[in-house]
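Before any comments, here is the structure.
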Amino acid sequence: MTGVPVRPIAKVLVANRGEIAIRVIEACAARGIATVAVYSEADATAAHVRAADEAVLIGPAAANESYLVTARVLDAARRTGADAIHPGYGFLSENAEFAEAVSAAGMTWIGPDAFAIRAMGTKIAARERMMAAGVPVVPGTHAAGQDLDALAAAAAEVGFPLLVKASAGGGGKGMRAVHGEAELRPALEAARREALGAFGDGALYLERLLLKPRHIEVQVFGDRHGNVVHFGERECSIQRRHQKVVEEAPSPGVDAALRARMGAAAVAAAKAVDYVGAGTVEFMLDASGEFFFLEMNTRLQVEHPVTEAVYGVDLVGLQLAVAMGAPLPMTQADIAPRGHAIEVRLYAEDPAKGFLPATGTLLRYRPSRAPGIRHDGGYIEGDAVAVHYDPMLAKLIAWGEDRQHAIGRLVRALDDWEVHGVITNLPFLLAVARHPEYRAGNLHTGFIPEHFPDGLPEPIPGEDALIAAALADAMGLGAGAGAPTGAERGAGGDPSAPWHLLGPWRGCA
Amino acid sequence: MTGVPVRPIAKVLVANRGEIAIRVIEACAARGIATVAVYSEADATAAHVRAADEAVLIGPAAANESYLVTARVLDAARRTGADAIHPGYGFLSENAEFAEAVSAAGMTWIGPDAFAIRAMGTKIAARERMMAAGVPVVPGTHAAGQDLDALAAAAAEVGFPLLVKASAGGGGKGMRAVHGEAELRPALEAARREALGAFGDGALYLERLLLKPRHIEVQVFGDRHGNVVHFGERECSIQRRHQKVVEEAPSPGVDAALRARMGAAAVAAAKAVDYVGAGTVEFMLDASGEFFFLEMNTRLQVEHPVTEAVYGVDLVGLQLAVAMGAPLPMTQADIAPRGHAIEVRLYAEDPAKGFLPATGTLLRYRPSRAPGIRHDGGYIEGDAVAVHYDPMLAKLIAWGEDRQHAIGRLVRALDDWEVHGVITNLPFLLAVARHPEYRAGNLHTGFIPEHFPDGLPEPIPGEDALIAAALADAMGLGAGAGAPTGAERGAGGDPSAPWHLLGPWRGCA
Amino acid sequence: MSRTVQVGDEAVALAARASARPGEYTVSLGERHLHVTVRVAGDGSLLVTRDDGRTFAASVSRDGTALWITAGGGTARVREAVGGRGGGSSADGGGLEAPMPGKVLRITCAPGEAVTKGQTLVIVEAMKMEHAVKAPRDGVVAEVRCKEGVLVGTGEPLIVLTEPDLPDHPSPVVAKEPTP
Amino acid sequence: MSRTVQVGDEAVALAARASARPGEYTVSLGERHLHVTVRVAGDGSLLVTRDDGRTFAASVSRDGTALWITAGGGTARVREAVGGRGGGSSADGGGLEAPMPGKVLRITCAPGEAVTKGQTLVIVEAMKMEHAVKAPRDGVVAEVRCKEGVLVGTGEPLIVLTEPDLPDHPSPVVAKEPTP
């Protein structure tokens with residue numbers, strides 16, 4: 001349109017593993033684009049290798065000797081004749097040097113320009129750039145002076161409640177929450193004493209205190225023709241130590257008017273760095289309805305499927321189109337949400353033991369296939385889950401006509417999901433989905449520590465499970481043992497034969 | 001709203017089997033409604049039995065001794081305390097007596113009233129009722145007189161091209177296609193001679209000849225408050241002997257203006273019989289853009305998922321809501337299509353042998369899990385496919401941002417679908433999806449006979465398949481044989497052990 | 001271990017021999033020999049790397065006489081070569097076998113009856129579909145080998161027909177696949 | 001065949017005995033006895049009908065010491081009762097075993113070193129997560145049983161700590177589950 005050259009993409013190397021590599025491979029395959037997987041020695045038979053047209057071994061299990069080695073990834077792309085590289089998320093996806101190296105090698109980088117990656121890569125610089133662009137950031141100030149009167153004046157500017165922090169500080173030392181004018185002076189004095197004692201520096205910093213904030217992020221998309229649109233928000237407040245666990249779109253705390261305001265702020269943020277491709281602007285939304293820039297993720301987000309479900313868009317397909325130089329095929333006016341979607345992340349971790357990672361072999365792995373359920377997974381039944389990579393095994397996304405319908409479908413799908421052989425957070429996901437405060441939409445970033453301070457104890461086997469256990473032993477069922485599976489019976493036995501009636505002649509093998 | 005009593009539903013008996021029973025069970029489960037399955041002796045371990053909360057054996061394998069026996073189904077509902085019955089499609093779904101018996105037993109019938117079922121049950125009566133309601137039917141006429149002049153005048157009314165048929169006739173005898181005025185008289189004379197010779201009755205009937213018609217059907221929905229809406233059209237032209245094989249929404253032959261006209265006609269048809277619940281009005285659409293009523297199916301349709309995908313609605317959920325007495329939650333203005341969806345039906349039949357039914361055991365059965373793919377199936381890996389019921393094993397639905405994207409996703413998903421042990425039409429579905437005329441949207445009811453007059457020969461194994469066959473024998477792979485599956489390895493082996501490297505010590509078991 | 005399979009009109013002998021190096025095999029497809037490296041995935045499927053570096057995924061199942069193989073998009077049945085039995089399609093037998101698994105719905109002929117080519121002898125039903133088994137030629141019904149209401153498998157003999165002039169030499173049709 | 005399993009704080013003995021009628025079993029859960037009818041589905045899962053007519057579906061997998069069972073919504077691990085071994089949680093051992101499978105990232109103590117309660121001795125990393133193994137009490141490092149960069153399994157001993165006043169009586173922590 002504006003002289004941007006069209007660069008067709010015929011073969012994409014996917015510089016990632018697991019579910020996101022498969023997601024990208026499927027998007028390419030549906031468009032007739034060939035795919036190249038890369039894999040470490042630990043992933044020689046991984047699902048993403050099986051899904052791609054070609055696969056290249058790039059090193060040993062450790063990611064910093066394989067998936068993170070730019071030279072090996074680039075070499076694999078060269079050897080297979082790939083003309084573009086998709087980085088997925090994590091690994092090299094926000095590595096500006098890698099983005100530059102891909103372009104320098106004459107290949108198309110499916111992502112934003114290195115400039116935008118760098119601009120958003122440092123939090124403090126990004127914060128200042130956003131302030132300049134008029135995007136709200138958490139109000140805070142270094143007072144002009146450090147005497148109590150100057151700090152009190154600064155406090156009036158920031159507003160209450162606020163947080164007094166030690167400028168030199170960290171670890172909670174010298175920190176005080178102040179909920180009103182009356183508490184201010186004693187808090188400032190106490191904080192100064194602590195700060196002096198801990199850091200030898202009594203300088204204080206004031207920042208607005210967000211009460212039960214929601215983590216709300218906005219999906220933005222830019223093309224090479226200067227257009228930027230947004231696809232509404234995702235709520236990701238259900239997190240544990242900054243690791244998201246449950247995400248949804250739209251947010252139960254955002255209405256159409258707020259969506260428009262946050263969307264406009266996110267588009268302004270993206271335009272401030274000439275953003276191209278898929279990006280996410282993260283905000284904190286406080287209980288009063290004010291929102292503040294947190295950071296921008298310059299890549300596809302793990303939780304992008306909830307946006308896809310609600311907005312009827314294929315974000316990876318859009319990444320490919322924009323990377324080829326095409327203008328966005330829609331304007332903001334064309335973009336509207338429909339229904340509600342929730343994503344949960346299945347982690348190989350033990351909610352009964354502080355969420356420590358777990359490993360094993362997926363002896364049985366059967367996700368739901370019900371309508372409205374999407375499963376983006378990196379493993380299939382029989383695969384081993386090892387210690388080398390992220391503990392996220394899969395994402396399950398439930399779409400419904402409204403939030404309650406989506407929750408209903410989600411609960412049913414979680415109930416049906418059979419995962420044997422590896423301890424996961426599946427019971428924890430169910431407990432969250434069934435929690436009355438979750439159903440009511442009362443979400444904030446402290447949801448898990450507030451409602452699940454001790455994680456979740458290991459499920460105690462119920463009576464039905466014990467009956468099944470007793471039968472399984474008596475009948476020799478379970479892996480490798482005597483049960484006649486369909487496969488073992490062979491094809492075409494007498495269709496009326498009572499295979500479902502097992503007598504003692506089959507038991508106790 | 002208008003005094004319709006609300007009748008909550010707490011437990012639904014699903015009077016069906018296979019994929020549609022599972023579909024209904026999942027819809028109930030997502031809404032917290034308990035479910036009862038019924039099953040024949042042949043279905044003792046079928047997937048729909050496993051999906052339901054309870055299950056009742058209702059007779060031997062033959063459907064007319066089990067699924068079709070109204071007394072047994074009603075008895076199962078009574079015994080389990082079900083307060084509603086969902087009939088699915090086929091079996092008892094269009095049985096007006098059954099609908100009445102369900103209501104008489106004090107249970108809620110999830111479907112239209114018996115009156116509507118009966119009104120649409122006889123083709124000729126339905127045709128006349130539709131004419132009275134102003135719904136277009138295939139123009140045709142018994143001429144006032146049978147002399148050639150009277151017939152010629154009638155022909156002018158019907159329009160060309162037309163079909164001359166023997167009133168007493170059948171089997172093509174006395175039938176003549178006439179493409180213009182000039183051909184008319186000779187055709188009338190020839191037809192009369194044939195009719196007299198074949199049936200001893202020379203009376204002739206004239207009907208518009210539809211050229212390469214499309215089979216277009218409109219999804220309608222009514223509530224007990226007098227509201228009826230439509231959810232656009234589905235195109236089902238790809239059929240073989242009136243058995244649909246591929247369906248899609250929207251139709252590539254229908255634009256917004258035509259959609260509005262056909263939708264209005266369908267709504268008029270439904271209103272003419274006070275229709276409540278989900279129904280489908282089938283039309284033939286000819287090459288000139290005229291459409292004509294064919295019949296109305298007074299139940300959920302097999303191909304309803306393409307409408308769900310494009311309109312973002314859960315039609316089974318809507319059936320439940322309407323059956324409980326709720327008004328439709330949307331008006332026609334709220335209803336708009338988004339993207340494109342295609343459904344294919346996987347049949348256990350052999351395209352190389354006249355599509356004869358096939359049976360066997362599903363030694364391996366792995367449908368795609370890619371984004372945008374929905375799989376509604378009645379069987380899982382290990383299940384036996386027997387001779388008793390419909391040969392449809394599953395439906396696969398691909399949604400895409402536009403028709404080409406949907407086709408791309410469909411082709412990929414068909415390519416990935418592993419079905420071993422039972423011969424199916426899978427290669428045929430792929431051949432259709434890849435056919436240039438299909439891709440171009442040039443669909444009509446003669447598509448399969450025109451492009452696949454001889455079905456499709458059995459696929460010849462390619463070189464890769466032969467290599468795999470040789471290796472499988474040498475390594476003892478395949479069902480029941482030596483390959484160490486994940487399950488057999490057991491959990492937690494050394495994660496770095498080279499299980500992927502099989503040496504001779506594992507081969508030739 | 002070796003197997004001769006049908007590939008279109010040809011019979012091809014397949015074999016594979018493990019090399020000394022783990023996971024490496026020499027595969028023979030008739031006269032052609034290839035070197036491949038094999039990895040077995042957790043679900044028993046294969047990843048096969050060919051000489052040219054190309055890798056393909058394959059899954060294999062096994063029933064009586066065939067392997068079902070999905071490899072690189074698409075599934076094929078790899079069947080034992082019919083060899084000396086000469087193609088063995090049911091056309092030879094004259095259509096007197098069950099054309100599909102199903103239930104014998106009706107028998108419309110009786111032993112000793114003279115029948116004409118094209119006459120319906122038996123109606124078999126499966127999966128809501130009826131199929132008429134017709135006389136492939138004029139002849140006399142020597143034997144009815146099925147009963148109404150009974151399930152039969154593909155290829156099971158239903159009727160034995162003799163030549164009208166050779167009543168002493170029945171030509172029974174032998175079941176090739178006695179599976180239902 | 002019988003198995004004693006852990007159900008919350010209790011040990012329950014499980015057994016099932018086939019009856020003369022096919023598919024029927026008597027199941028014992030401790031002192032309770034139930035009669036059930038069992039159907040096995042094509043994928044090896046069970047459909048179990050209880051005395052009261054209620055049927056539930058269940059799937060079972062088996063690994064070293066546990067059965068993994070999905071029954072009626074939700075999966076549970078059914079494990080051998082710990083019995084005489086007295087619960088055996090790693091809290092007893094004092095946290096000197098690997099708390100999870102992973103790689104030893106850093107060893108921050110040396111043999112002979114006196115350490116204080118809460119001091120980090122080893123850092124283990126798995127799945128992008130670091131975990132510090134800390135001294136459960138004051139003591140002296142008697143032995144370092146791991147190496148940096150090496151993979152360890154849950155429960156593998158990492159450090160042997162002695163009481164500061166009893167250097168001759170080391171208290172090694174024994175691996176309970178030597179799986180990685």
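In the structure tokens, each chain is lettered A, B, ... as it comes, each chain's residues begin at 1, and ligands are numbered from 1 in order of appearance.
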
DSSP strand (DSSP E or B) selection over segment 380-458 of chain A, as a PDB file with N, CA and C atoms, in the first residue's frame:
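Full text of part27.pdb as output:
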ATOM      1  N   ALA A 384       7.663 -38.668  27.753  1.00  0.00           N
ATOM      2  CA  ALA A 384       8.297 -38.418  29.041  1.00  0.00           C
ATOM      3  C   ALA A 384       8.342 -36.917  29.301  1.00  0.00           C
ATOM      4  N   VAL A 385       8.122 -36.532  30.534  1.00  0.00           N
ATOM      5  CA  VAL A 385       8.251 -35.138  30.952  1.00  0.00           C
ATOM      6  C   VAL A 385       9.531 -35.058  31.779  1.00  0.00           C
ATOM      7  N   MET A 392       5.169 -26.260  31.895  1.00  0.00           N
ATOM      8  CA  MET A 392       3.824 -26.194  31.311  1.00  0.00           C
ATOM      9  C   MET A 392       3.657 -27.290  30.266  1.00  0.00           C
ATOM     10  N   LEU A 393       2.731 -28.204  30.502  1.00  0.00           N
ATOM     11  CA  LEU A 393       2.505 -29.311  29.579  1.00  0.00           C
ATOM     12  C   LEU A 393       1.511 -28.938  28.489  1.00  0.00           C
ATOM     13  N   ALA A 394       0.521 -28.137  28.841  1.00  0.00           N
ATOM     14  CA  ALA A 394      -0.547 -27.844  27.895  1.00  0.00           C
ATOM     15  C   ALA A 394      -1.374 -26.675  28.401  1.00  0.00           C
ATOM     16  N   LYS A 395      -2.163 -26.135  27.499  1.00  0.00           N
ATOM     17  CA  LYS A 395      -3.169 -25.140  27.835  1.00  0.00           C
ATOM     18  C   LYS A 395      -4.512 -25.696  27.391  1.00  0.00           C
ATOM     19  N   LEU A 396      -5.532 -25.454  28.194  1.00  0.00           N
ATOM     20  CA  LEU A 396      -6.870 -25.844  27.794  1.00  0.00           C
ATOM     21  C   LEU A 396      -7.716 -24.581  27.784  1.00  0.00           C
ATOM     22  N   ILE A 397      -8.407 -24.355  26.680  1.00  0.00           N
ATOM     23  CA  ILE A 397      -9.175 -23.129  26.518  1.00  0.00           C
ATOM     24  C   ILE A 397     -10.644 -23.488  26.337  1.00  0.00           C
ATOM     25  N   ALA A 398     -11.500 -22.908  27.168  1.00  0.00           N
ATOM     26  CA  ALA A 398     -12.940 -23.144  27.066  1.00  0.00           C
ATOM     27  C   ALA A 398     -13.612 -21.865  26.595  1.00  0.00           C
ATOM     28  N   TRP A 399     -14.366 -21.976  25.513  1.00  0.00           N
ATOM     29  CA  TRP A 399     -15.171 -20.847  25.061  1.00  0.00           C
ATOM     30  C   TRP A 399     -16.630 -21.116  25.409  1.00  0.00           C
ATOM     31  N   GLY A 400     -17.353 -20.086  25.816  1.00  0.00           N
ATOM     32  CA  GLY A 400     -18.782 -20.220  26.068  1.00  0.00           C
ATOM     33  C   GLY A 400     -19.504 -18.963  25.644  1.00  0.00           C
ATOM     34  N   GLU A 418      -7.814 -36.865  31.679  1.00  0.00           N
ATOM     35  CA  GLU A 418      -7.070 -37.950  32.326  1.00  0.00           C
ATOM     36  C   GLU A 418      -5.583 -37.718  32.141  1.00  0.00           C
ATOM     37  N   VAL A 419      -4.885 -37.510  33.250  1.00  0.00           N
ATOM     38  CA  VAL A 419      -3.428 -37.338  33.211  1.00  0.00           C
ATOM     39  C   VAL A 419      -2.839 -38.277  34.247  1.00  0.00           C
ATOM     40  N   HIS A 420      -2.224 -39.340  33.780  1.00  0.00           N
ATOM     41  CA  HIS A 420      -1.618 -40.319  34.684  1.00  0.00           C
ATOM     42  C   HIS A 420      -0.102 -40.328  34.496  1.00  0.00           C
TER      43      HIS A 420
END

Contact set, chain C to chain A: 10 Å, only C-alpha atoms, as a PyMOL selection string: chain C and resi 39-47+49+53-58+61-64+72+101+151-153+177-180

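Omitting segment 91-102 of chain A and its sequence neighbours fewer than 6 positions away, and counting only C-alpha atoms, the residues within 7 Å are Tyr67, Leu68, Thr70, Thr108, Trp109, Ala114, Ile117, Arg118, Thr298 and Arg299 of chain A.
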
Those residues with N, CA and C atoms, as a tab-separated table (two decimals), in the first residue's frame please?
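This is the output file again_13.tsv:
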chain	number	residue	atom	x	y	z
A	67	TYR	N	18.34	-24.50	22.24
A	67	TYR	CA	17.29	-23.55	21.82
A	67	TYR	C	17.71	-22.09	21.97
A	68	LEU	N	18.71	-21.83	22.84
A	68	LEU	CA	19.11	-20.44	23.05
A	68	LEU	C	20.33	-20.05	22.24
A	70	THR	N	21.83	-18.82	19.20
A	70	THR	CA	21.38	-18.18	17.96
A	70	THR	C	22.10	-18.74	16.73
A	108	THR	N	13.17	-13.50	6.97
A	108	THR	CA	12.14	-12.65	7.59
A	108	THR	C	11.99	-13.02	9.06
A	109	TRP	N	12.06	-12.02	9.91
A	109	TRP	CA	11.85	-12.20	11.35
A	109	TRP	C	10.37	-11.99	11.62
A	114	ALA	N	13.86	-4.93	16.00
A	114	ALA	CA	14.76	-4.94	17.15
A	114	ALA	C	14.62	-3.66	17.97
A	117	ILE	N	11.76	-4.08	20.36
A	117	ILE	CA	12.12	-5.05	21.41
A	117	ILE	C	12.99	-4.37	22.47
A	118	ARG	N	13.99	-3.62	21.98
A	118	ARG	CA	14.90	-2.96	22.92
A	118	ARG	C	14.19	-1.88	23.72
A	298	THR	N	6.88	-8.03	23.74
A	298	THR	CA	7.02	-7.82	22.30
A	298	THR	C	7.05	-9.15	21.55
A	299	ARG	N	6.01	-9.92	21.73
A	299	ARG	CA	5.94	-11.26	21.13
A	299	ARG	C	4.52	-11.78	21.26

DSSP-assigned helix (DSSP H, G or I) among chain D, expressed as a PyMOL selection string: chain D and resi 83-85+90-93

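Atom pair atom CA of Lys353 of chain B / atom CA of Pro453 of chain B: separated by 12.1 Å.
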
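For the atom pair formed by atom CA of Leu161 of chain D and atom CA of Ala132 of chain D, the distance is 16.0 Å, given to one decimal.
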